[in-house]
Structure formats: structure tokens, C-alpha cells
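Visitor: Let me give you the structure first, and then I'll get to my questions.
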Amino acid sequence: MAHLTDPATRAVPETGLADLGLFGKPLFEDPSARALARVGVVDVGSNSVRLVVFDGAARSPAYFYNEKIMCALGAGMAETGHLSPKGRTRALSAMRRFSKLAEGMGLSELTVVATAAVRDASDGQDFCEEVRRETGLRIWVIDGREEARLSAQGVLLGWPGAYGLVCDIGGSSMELAEISGGRVGRRVTSQLGPLKLRDLKGGAKAREAHIKEVMEGLHAQMGAQRDRLFLVGGSWRAIARIDMLRRGYPLHVLHEYRMTPKAVRATVKYIKNCDLDELRSACGVSSTRMALVPYAAEVLSRLVRTFKPKDIAISSYGIREGMLYEQMPQRLRDRDPLIEACRFAEAKDARMPGFGKVLNNFIAPLYRSAPAPRKRLVKAACLLHDVSWRAHPDYRAEVCFDNATRANLGGLKHSERIYLGLALLHRYSNKRENTRFEDLYEMVDERTRQEAEILGKAMRFGAMLWMNKDAERGEMRWFPKKKLLQLRLTEDMLPLFGEVAEARFNSLASSLEAQVEIKTVREGRHD
């Protein structure tokens, strides 16, 4: 099957809405996106069978439900040519369960795809027919190139416009796909899955020679790929967890976790020298997955040595997210996943949805000369500034930091998570010391921490001038050369500038090392 849904023939409903930019009408409220409000997909892999139900903002969806069952359908296929009998029984049981769950959730249908094990097994079609008889679910068996395409689209869900090489490893295969300018280019597939390598006769030397030969063939087909390497798949994520352990890395978020080629070499050596049971316990990796890690590590070592990427990023998004991306109209694909997620959070949880735009406009003079990536984070912070208001006041600042750093947000580097978390912490607290997150602060430099504090204090003050989101407020002006922070208020607004608001304004000025000036202006005057 070439495509689950052929993009050339797929009907894409047009919204008719003008794209009004960041603070225009959010697309998750539009009919073309509401159709994606809850989408269920099942991935029948060589090692696991997983159900994911996406819900919420269609461009950056929340995981409404996520369940994985380790079935090892592909175990022993090198010798028998058949699906593992035990794995087949477990997979059929999983499909019965998932069908009932989907029915209980009111999902109109589940999209089910199967990859290497089912497509290669002599009894793969028989398994698909059994599943259909038992559950009514149709399994789409996709070829390796299609698997590579969907995995690459999953990466594009989290990294719009990304470029580089996507490597998706399953139990029985490994796929490579080239992405550039938000599109998928060349794609290849191979038999370099750890289940296949484990069954290869001849031991470590035979595996090494086989992996090298296959990898050189992949390199010949794909050409030079020295940009970013995106790693997709459970075995890669397990290796990333081990890399975090080896480094003592404090933020245990796998998506966007970065490794260097040097770090990969060190971690592969670390895996060889460690007791796997102890490593499994320390990293929280299942015993089934850990048994495959040494084989996957051999593949990763050769992959990095062959393609020589400039850096390496872990993607938690893969084939399942690619299946969701497949259903998105292009207008939705083009949206920033971070901003769409923040817009959705504000609409769902803020005391006054829509105030994030007002707050951003109010503090924007502080960021007039800031680079675009920083302005993007400022806008995200303004959208999220009030979504944790229900938390207990004594813990609100810490809840904000925890949510920002660990939330399921795409398009956000780890250092940006810390900046965003610190800014939201300072939205509720002048100080950041004596929290349980202090080890995470060290992930960014002192200047970044200071800039996050300024943003937090600016939001903390701006929220004090709150009557309703459409009210005319004061204006803040920033003169960086003079180190002067000016606040201009109409007479009607002056009563809002009470002693608490004044203290917060002065605290912001102190962080800017600025003098303050308060001006009263006539209504409607903008000079």
C-alpha cells in the first residue's frame, strides 16, 4: 500500500479564515481541526503493539490515552519465517482490548498499521484476517518506505521545517528518511532491527560485519547526511535514558534530548561495561526492551560513524504521530506546535482566555530588539502565565515551572523549557531559590536565568492591570540606553496602580537595573 490516504486525492476542507498571525483565531477551534479533536491509532510493531488516542489542540495534541503491550511478534522469525506464536496470542489479546477501549471512548474508528514483522511473516496476512474476524479492525500493512515516510512526518509534527535524517528503529527493521523544508525526501528500509540481529548466527563479529555492510549500502542510497540525526523508536529512547544516567542529566524529558557523536560512543561503551539488570533498574527500562539495547547500540554506533551527523536529537514523535499528521490540512501543519498548544491551554485553563495577547502587547517594548526565537518564547509564556491559577498559592510557582519543563510540548528545546519554566515561576515569585528544581536551573547560563526573571516579573506586574481583556490599559516604554522604564497611565487607570502594583513595577525595574518614571496621560493620547 503506497499511502494510508493519498495526499494527492485527500479532501482538505478550507476554513475560509484569514491567518491573522499568532493572536488570530486559533485553528483548533476551526472545523478543519475539530475533526481531529480525538483520533485513535494503533501501531502493530515487531516488538510492541501500542494504542494512542490524541486529543486537544490538533497541531500539538495531548495524549488522551497511551498504552503499550510488549508482544515480540517478530521474535524467532529469522528461523521460522512465522510470527511468534506467543507474541501472536498476546497481540490478538491486545487488539481485542484496544477495540473495546475505542468503543468505550466513543471513537468512530481506529487506524491500525502493521510494520516489519507482519509484512515479512508468512502468516502475516492470516494474522490480519484473524484480527478482523475477532475485532472488526482492519490492519493496514505498510512497506518499509511508507513506514519511513510516516515516521518522518511524526518528526515534522514536532519540528516544523526541520531538516536532516530521520532514523526509526523497530524490532525487525530500521528505516531512514530525509527531511528538508518540512517535506520528506528519499527513504530506505533495512533489516537492522535488534530482533533480527539477535537471531543472526556467528556472534558479535558476524553482526559487526553485517551491520557495516548494510549501513554502507544505506549510505550509498541516501548520500551525504551531515545535518541533524533524529532518532525515533523505543530502543533509541532506551539508549537516551542510559545516556542521561551516564551524564547525570537532570531533566528526564526524552523529546528533544540532544546527544553528540562523542556522547554516543561513550554511552555504547558504557552499555557494554554495565550489568544490564542494574542498568534496567536505574533507568526504568523494561526487561524486554533492555534485552535488545545492546544490539541497537551496535547499530547506532555504526550509524553515527557512517553518516557523521552534526548533532543527534531524540524524537518521541514517530509513526503514530505521523499518522495524525497525515490527516492534517496544510494550514494546520504550518502552525507552530508550541504556540498552538499554549493557545489551547489558555482557552481551557486560564481565568480570562484571550488576556495572553493583551499581556504580550503590554510587555512587548522590553523585547523590541530581541531575536525571533526569544519573542516566540515570550508569547508562549504570556499565553501560559495564568493557566496554573487553581494551584495552591504556596506551590503555584513550582507548579508552573514543573508544568513548563515537563509538559508534552513540541518545538521546544530543553534549554527553552528551562527558560519558559523560570519565567512562569517568576510570574508568581520574586525568588527562585530553595525549590526542588535548582539542579535544573544550571542547564542555562546566568544571563538566561536573569532574562527569564525579567520576563516573569514583567508578566507579574502586567497582570495587576487587569479588569477585562478588552480594557484600555497603560503603556510601558523601555529606553535601554538610558536604562529608563517608563509607565504611562490614563487618569482612569491610576487607581489600578496601587501599592502592590507599584512594588511589582519597581521589582521589574530593579531586575532591569533601571530608573522608573510614571506619567499620567490623557485618554487616547499615544505620543
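Each chain in the C-alpha cells gets a letter, A, B and so on, in the order shown; residues start at 1 in every chain, and ligands are counted from 1 in the order they appear.
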At a cut-off of 7 Å, using only C-alpha atoms, what residues contact Gly40 (chain A)? Leave out same-chain residues fewer than 5 positions from it and give the result as a list in words.

Guide: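 Near neighbours after the sequence-gap exclusion: Val52, Val53, Phe54, Leu110 and Thr111 of chain A.
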
Visitor: As a VMD selection string, please: the residues near Arg198 (chain A) (cut-off 12 Å, only C-alpha atoms, same-chain neighbours under 6 positions excluded).

Guide: chain A and resid 74 to 79 171 to 172 191 to 192 204 206 to 208 291 to 296 298 to 299

Visitor: Take CA of Arg488 (chain A) and CA of Val378 (chain A) and report the distance between them in Å, one decimal.

Guide: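 About the pair CA of Arg488 (chain A) and CA of Val378 (chain A): they are 21.9 Å apart.
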
Visitor: So that I can see what lies close to Ala313 (chain A), please list as a list in words the residues with an atom at most 8 Å from it, counting only C-alpha atoms and leaving out residues fewer than 3 positions away in the same chain.

Guide: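 With the cut-off at 8 Å, the set is Arg228, Leu229, Phe230, Leu231, His255, Glu256, Tyr257, Arg258 and Met259 of chain A.
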
Visitor: Take the residues from that selection and put them in a file with N, CA and C atoms, as a PDB file, in the first residue's frame.

Guide:
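Writing the result to out09.pdb gives the following:
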ATOM      1  N   ARG A 228      21.297  17.234  11.147  1.00  0.00           N
ATOM      2  CA  ARG A 228      20.840  16.622  12.400  1.00  0.00           C
ATOM      3  C   ARG A 228      20.311  15.209  12.141  1.00  0.00           C
ATOM      4  N   LEU A 229      20.597  14.334  13.068  1.00  0.00           N
ATOM      5  CA  LEU A 229      20.056  12.979  13.043  1.00  0.00           C
ATOM      6  C   LEU A 229      18.944  12.893  14.081  1.00  0.00           C
ATOM      7  N   PHE A 230      17.717  12.581  13.628  1.00  0.00           N
ATOM      8  CA  PHE A 230      16.572  12.426  14.516  1.00  0.00           C
ATOM      9  C   PHE A 230      16.362  10.938  14.772  1.00  0.00           C
ATOM     10  N   LEU A 231      16.349  10.535  16.022  1.00  0.00           N
ATOM     11  CA  LEU A 231      16.204   9.124  16.380  1.00  0.00           C
ATOM     12  C   LEU A 231      14.784   8.852  16.868  1.00  0.00           C
ATOM     13  N   HIS A 255      11.943  13.813  24.657  1.00  0.00           N
ATOM     14  CA  HIS A 255      11.745  14.561  23.414  1.00  0.00           C
ATOM     15  C   HIS A 255      12.681  15.765  23.366  1.00  0.00           C
ATOM     16  N   GLU A 256      13.395  15.917  22.258  1.00  0.00           N
ATOM     17  CA  GLU A 256      14.376  16.986  22.031  1.00  0.00           C
ATOM     18  C   GLU A 256      15.655  16.798  22.852  1.00  0.00           C
ATOM     19  N   TYR A 257      15.824  15.662  23.507  1.00  0.00           N
ATOM     20  CA  TYR A 257      17.098  15.404  24.189  1.00  0.00           C
ATOM     21  C   TYR A 257      18.196  15.308  23.142  1.00  0.00           C
ATOM     22  N   ARG A 258      19.324  15.940  23.404  1.00  0.00           N
ATOM     23  CA  ARG A 258      20.403  16.008  22.427  1.00  0.00           C
ATOM     24  C   ARG A 258      21.607  15.177  22.875  1.00  0.00           C
ATOM     25  N   MET A 259      22.226  14.529  21.900  1.00  0.00           N
ATOM     26  CA  MET A 259      23.468  13.808  22.125  1.00  0.00           C
ATOM     27  C   MET A 259      24.458  14.192  21.035  1.00  0.00           C
TER      28      MET A 259
END

Visitor: Find the spatial neighbours of Val118 (chain A), counting only C-alpha atoms, within a cut-off of 8 Å - ignore same-chain residues fewer than 5 positions away - and output them as a list in words.

Guide: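 Here the answer would be Gly45, Ser46, Leu73, Gly74, Leu83, Asp123, Gly124, Gln125, Phe127 and Val141 of chain A.
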
Visitor: If we count only C-alpha atoms and set the cut-off at 12 Å, which residues sit around Ser369 (chain A), ignoring sequence neighbours fewer than 5 positions away in its own chain? Please answer as a list in words.

Guide: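 Answer for this query is Ala364, Arg374, Lys375, Trp478, Phe479 and Pro480 of chain A.
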
Visitor: If you keep N, CA and C atoms, can you produce a file of those selected residues as a PDB file, in the first residue's frame?

Guide:
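Resulting contents of part-v9.pdb:
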ATOM      1  N   ALA A 364       5.683  43.929  25.334  1.00  0.00           N
ATOM      2  CA  ALA A 364       6.453  43.840  24.089  1.00  0.00           C
ATOM      3  C   ALA A 364       7.574  44.881  23.976  1.00  0.00           C
ATOM      4  N   ARG A 374      13.378  34.263  20.782  1.00  0.00           N
ATOM      5  CA  ARG A 374      13.083  34.735  22.122  1.00  0.00           C
ATOM      6  C   ARG A 374      11.675  35.337  22.181  1.00  0.00           C
ATOM      7  N   LYS A 375      11.296  36.094  21.151  1.00  0.00           N
ATOM      8  CA  LYS A 375       9.946  36.658  21.123  1.00  0.00           C
ATOM      9  C   LYS A 375       8.897  35.545  21.122  1.00  0.00           C
ATOM     10  N   TRP A 478      10.340  51.269  27.228  1.00  0.00           N
ATOM     11  CA  TRP A 478      11.664  50.890  27.710  1.00  0.00           C
ATOM     12  C   TRP A 478      12.719  51.582  26.864  1.00  0.00           C
ATOM     13  N   PHE A 479      13.613  52.306  27.558  1.00  0.00           N
ATOM     14  CA  PHE A 479      14.718  53.001  26.905  1.00  0.00           C
ATOM     15  C   PHE A 479      16.021  52.370  27.391  1.00  0.00           C
ATOM     16  N   PRO A 480      16.515  51.338  26.682  1.00  0.00           N
ATOM     17  CA  PRO A 480      17.652  50.568  27.194  1.00  0.00           C
ATOM     18  C   PRO A 480      18.935  51.381  27.340  1.00  0.00           C
TER      19      PRO A 480
END

Visitor: To one decimal place, how far is CA of Val253 (chain A) from CA of Ser388 (chain A) in Å?

Guide: 20.7 Å

Visitor: Give the strand (DSSP E) residues of region 106-282 of chain A, as DSSP finds them on the backbone, and put them as number ranges by chain.

Guide: A: 110-114, 139-141, 164-169, 174-180, 183-190, 228-232, 258-259

Visitor: Give me a file of those residues, with N, CA, C and O atoms, as a compact mmCIF listing (two decimals), in the first residue's frame.

Guide:
# COMPACT_ATOMS: atom_id res chain seq x y z
N LEU A 110 -10.62 3.23 14.59
CA LEU A 110 -9.19 3.20 14.88
C LEU A 110 -8.44 2.99 13.57
O LEU A 110 -8.83 2.14 12.76
N THR A 111 -7.37 3.74 13.37
CA THR A 111 -6.48 3.49 12.24
C THR A 111 -5.37 2.57 12.74
O THR A 111 -4.67 2.91 13.69
N VAL A 112 -5.24 1.40 12.12
CA VAL A 112 -4.28 0.40 12.57
C VAL A 112 -3.27 0.12 11.47
O VAL A 112 -3.66 -0.18 10.33
N VAL A 113 -1.99 0.23 11.79
CA VAL A 113 -0.94 -0.11 10.82
C VAL A 113 -0.04 -1.17 11.41
O VAL A 113 0.19 -1.21 12.63
N ALA A 114 0.47 -2.03 10.56
CA ALA A 114 1.44 -3.04 10.96
C ALA A 114 2.70 -2.85 10.14
O ALA A 114 2.64 -2.48 8.96
N ILE A 139 -6.32 -3.98 9.53
CA ILE A 139 -4.90 -3.63 9.69
C ILE A 139 -4.32 -3.27 8.32
O ILE A 139 -4.41 -4.07 7.37
N TRP A 140 -3.72 -2.09 8.24
CA TRP A 140 -3.00 -1.68 7.03
C TRP A 140 -1.55 -2.11 7.18
O TRP A 140 -0.85 -1.62 8.06
N VAL A 141 -1.12 -3.03 6.34
CA VAL A 141 0.27 -3.48 6.37
C VAL A 141 1.07 -2.59 5.43
O VAL A 141 0.82 -2.57 4.22
N GLY A 164 17.25 17.18 7.97
CA GLY A 164 18.19 16.21 8.49
C GLY A 164 17.79 14.80 8.10
O GLY A 164 17.08 14.58 7.11
N LEU A 165 18.23 13.84 8.88
CA LEU A 165 17.99 12.42 8.62
C LEU A 165 17.20 11.82 9.78
O LEU A 165 17.61 11.92 10.93
N VAL A 166 16.07 11.18 9.47
CA VAL A 166 15.26 10.50 10.48
C VAL A 166 15.58 9.02 10.43
O VAL A 166 15.56 8.41 9.36
N CYS A 167 15.89 8.46 11.59
CA CYS A 167 16.18 7.03 11.69
C CYS A 167 15.19 6.41 12.69
O CYS A 167 15.22 6.73 13.87
N ASP A 168 14.34 5.53 12.18
CA ASP A 168 13.33 4.86 13.01
C ASP A 168 13.73 3.39 13.14
O ASP A 168 13.82 2.67 12.13
N ILE A 169 13.97 2.94 14.36
CA ILE A 169 14.31 1.54 14.57
C ILE A 169 13.15 0.84 15.27
O ILE A 169 12.60 1.34 16.24
N MET A 174 14.89 -1.19 10.32
CA MET A 174 15.34 0.18 10.59
C MET A 174 15.15 0.97 9.31
O MET A 174 15.58 0.55 8.24
N GLU A 175 14.49 2.12 9.43
CA GLU A 175 14.21 2.96 8.28
C GLU A 175 14.95 4.29 8.37
O GLU A 175 15.16 4.81 9.48
N LEU A 176 15.30 4.82 7.23
CA LEU A 176 15.91 6.15 7.13
C LEU A 176 15.07 7.00 6.19
O LEU A 176 14.58 6.51 5.16
N ALA A 177 14.90 8.27 6.54
CA ALA A 177 14.17 9.21 5.68
C ALA A 177 14.83 10.57 5.77
O ALA A 177 15.25 11.01 6.85
N GLU A 178 14.90 11.22 4.66
CA GLU A 178 15.47 12.56 4.58
C GLU A 178 14.35 13.58 4.70
O GLU A 178 13.31 13.44 4.05
N ILE A 179 14.53 14.59 5.56
CA ILE A 179 13.54 15.67 5.65
C ILE A 179 14.24 17.01 5.40
O ILE A 179 15.37 17.23 5.82
N SER A 180 13.54 17.88 4.69
CA SER A 180 14.09 19.20 4.39
C SER A 180 12.93 20.13 4.05
O SER A 180 12.05 19.77 3.27
N ARG A 183 9.37 18.76 4.35
CA ARG A 183 8.92 17.69 3.47
C ARG A 183 9.83 16.47 3.58
O ARG A 183 11.01 16.58 3.93
N VAL A 184 9.27 15.31 3.24
CA VAL A 184 10.02 14.06 3.30
C VAL A 184 10.60 13.77 1.92
O VAL A 184 9.90 13.84 0.91
N GLY A 185 11.91 13.46 1.91
CA GLY A 185 12.58 13.17 0.64
C GLY A 185 12.87 11.69 0.48
O GLY A 185 11.98 10.85 0.58
N ARG A 186 14.13 11.35 0.23
CA ARG A 186 14.50 9.96 -0.01
C ARG A 186 14.24 9.09 1.22
O ARG A 186 14.39 9.54 2.34
N ARG A 187 13.88 7.83 0.96
CA ARG A 187 13.58 6.91 2.05
C ARG A 187 14.12 5.53 1.71
O ARG A 187 14.07 5.09 0.56
N VAL A 188 14.65 4.84 2.72
CA VAL A 188 15.13 3.47 2.54
C VAL A 188 14.77 2.65 3.79
O VAL A 188 14.53 3.21 4.86
N THR A 189 14.74 1.35 3.61
CA THR A 189 14.47 0.46 4.73
C THR A 189 15.53 -0.63 4.76
O THR A 189 16.21 -0.88 3.76
N SER A 190 15.70 -1.25 5.93
CA SER A 190 16.71 -2.29 6.09
C SER A 190 16.22 -3.30 7.13
O SER A 190 15.21 -3.09 7.79
N ARG A 228 21.30 17.23 11.15
CA ARG A 228 20.84 16.62 12.40
C ARG A 228 20.31 15.21 12.14
O ARG A 228 19.67 14.94 11.13
N LEU A 229 20.60 14.33 13.07
CA LEU A 229 20.06 12.98 13.04
C LEU A 229 18.94 12.89 14.08
O LEU A 229 19.18 13.13 15.27
N PHE A 230 17.72 12.58 13.63
CA PHE A 230 16.57 12.43 14.52
C PHE A 230 16.36 10.94 14.77
O PHE A 230 16.19 10.16 13.82
N LEU A 231 16.35 10.53 16.02
CA LEU A 231 16.20 9.12 16.38
C LEU A 231 14.78 8.85 16.87
O LEU A 231 14.31 9.49 17.81
N VAL A 232 14.12 7.89 16.23
CA VAL A 232 12.74 7.52 16.54
C VAL A 232 12.71 6.04 16.89
O VAL A 232 13.28 5.22 16.17
N ARG A 258 19.32 15.94 23.40
CA ARG A 258 20.40 16.01 22.43
C ARG A 258 21.61 15.18 22.87
O ARG A 258 21.96 15.16 24.06
N MET A 259 22.23 14.53 21.90
CA MET A 259 23.47 13.81 22.12
C MET A 259 24.46 14.19 21.03
O MET A 259 24.06 14.52 19.91

Visitor: Could you jot down the CA of Arg237 (chain A) to CA of Val39 (chain A) separation for me, Å, one decimal place?

Guide: 24.2 Å

Visitor: Please provide the set of residues having any atom within 8 Å of region 353-356 of chain A, restricted to only C-alpha atoms, with same-chain residues fewer than 5 positions apart removed, written as a list in words.

Guide: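 Counting only the stated atoms, we get Glu346, Ala347, Lys348, Lys379, Cys382, Leu383, Leu384, His385, Asn468 and Lys469 of chain A.
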
Visitor: Rank nothing, just name the residue among A:Ser48, A:Asn408, A:Thr89, A:Ser429 nearest to Lys68 (chain A), using only C-alpha atoms.

Guide: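 For Lys68 (chain A), the nearest of the given residues is A:Ser48.
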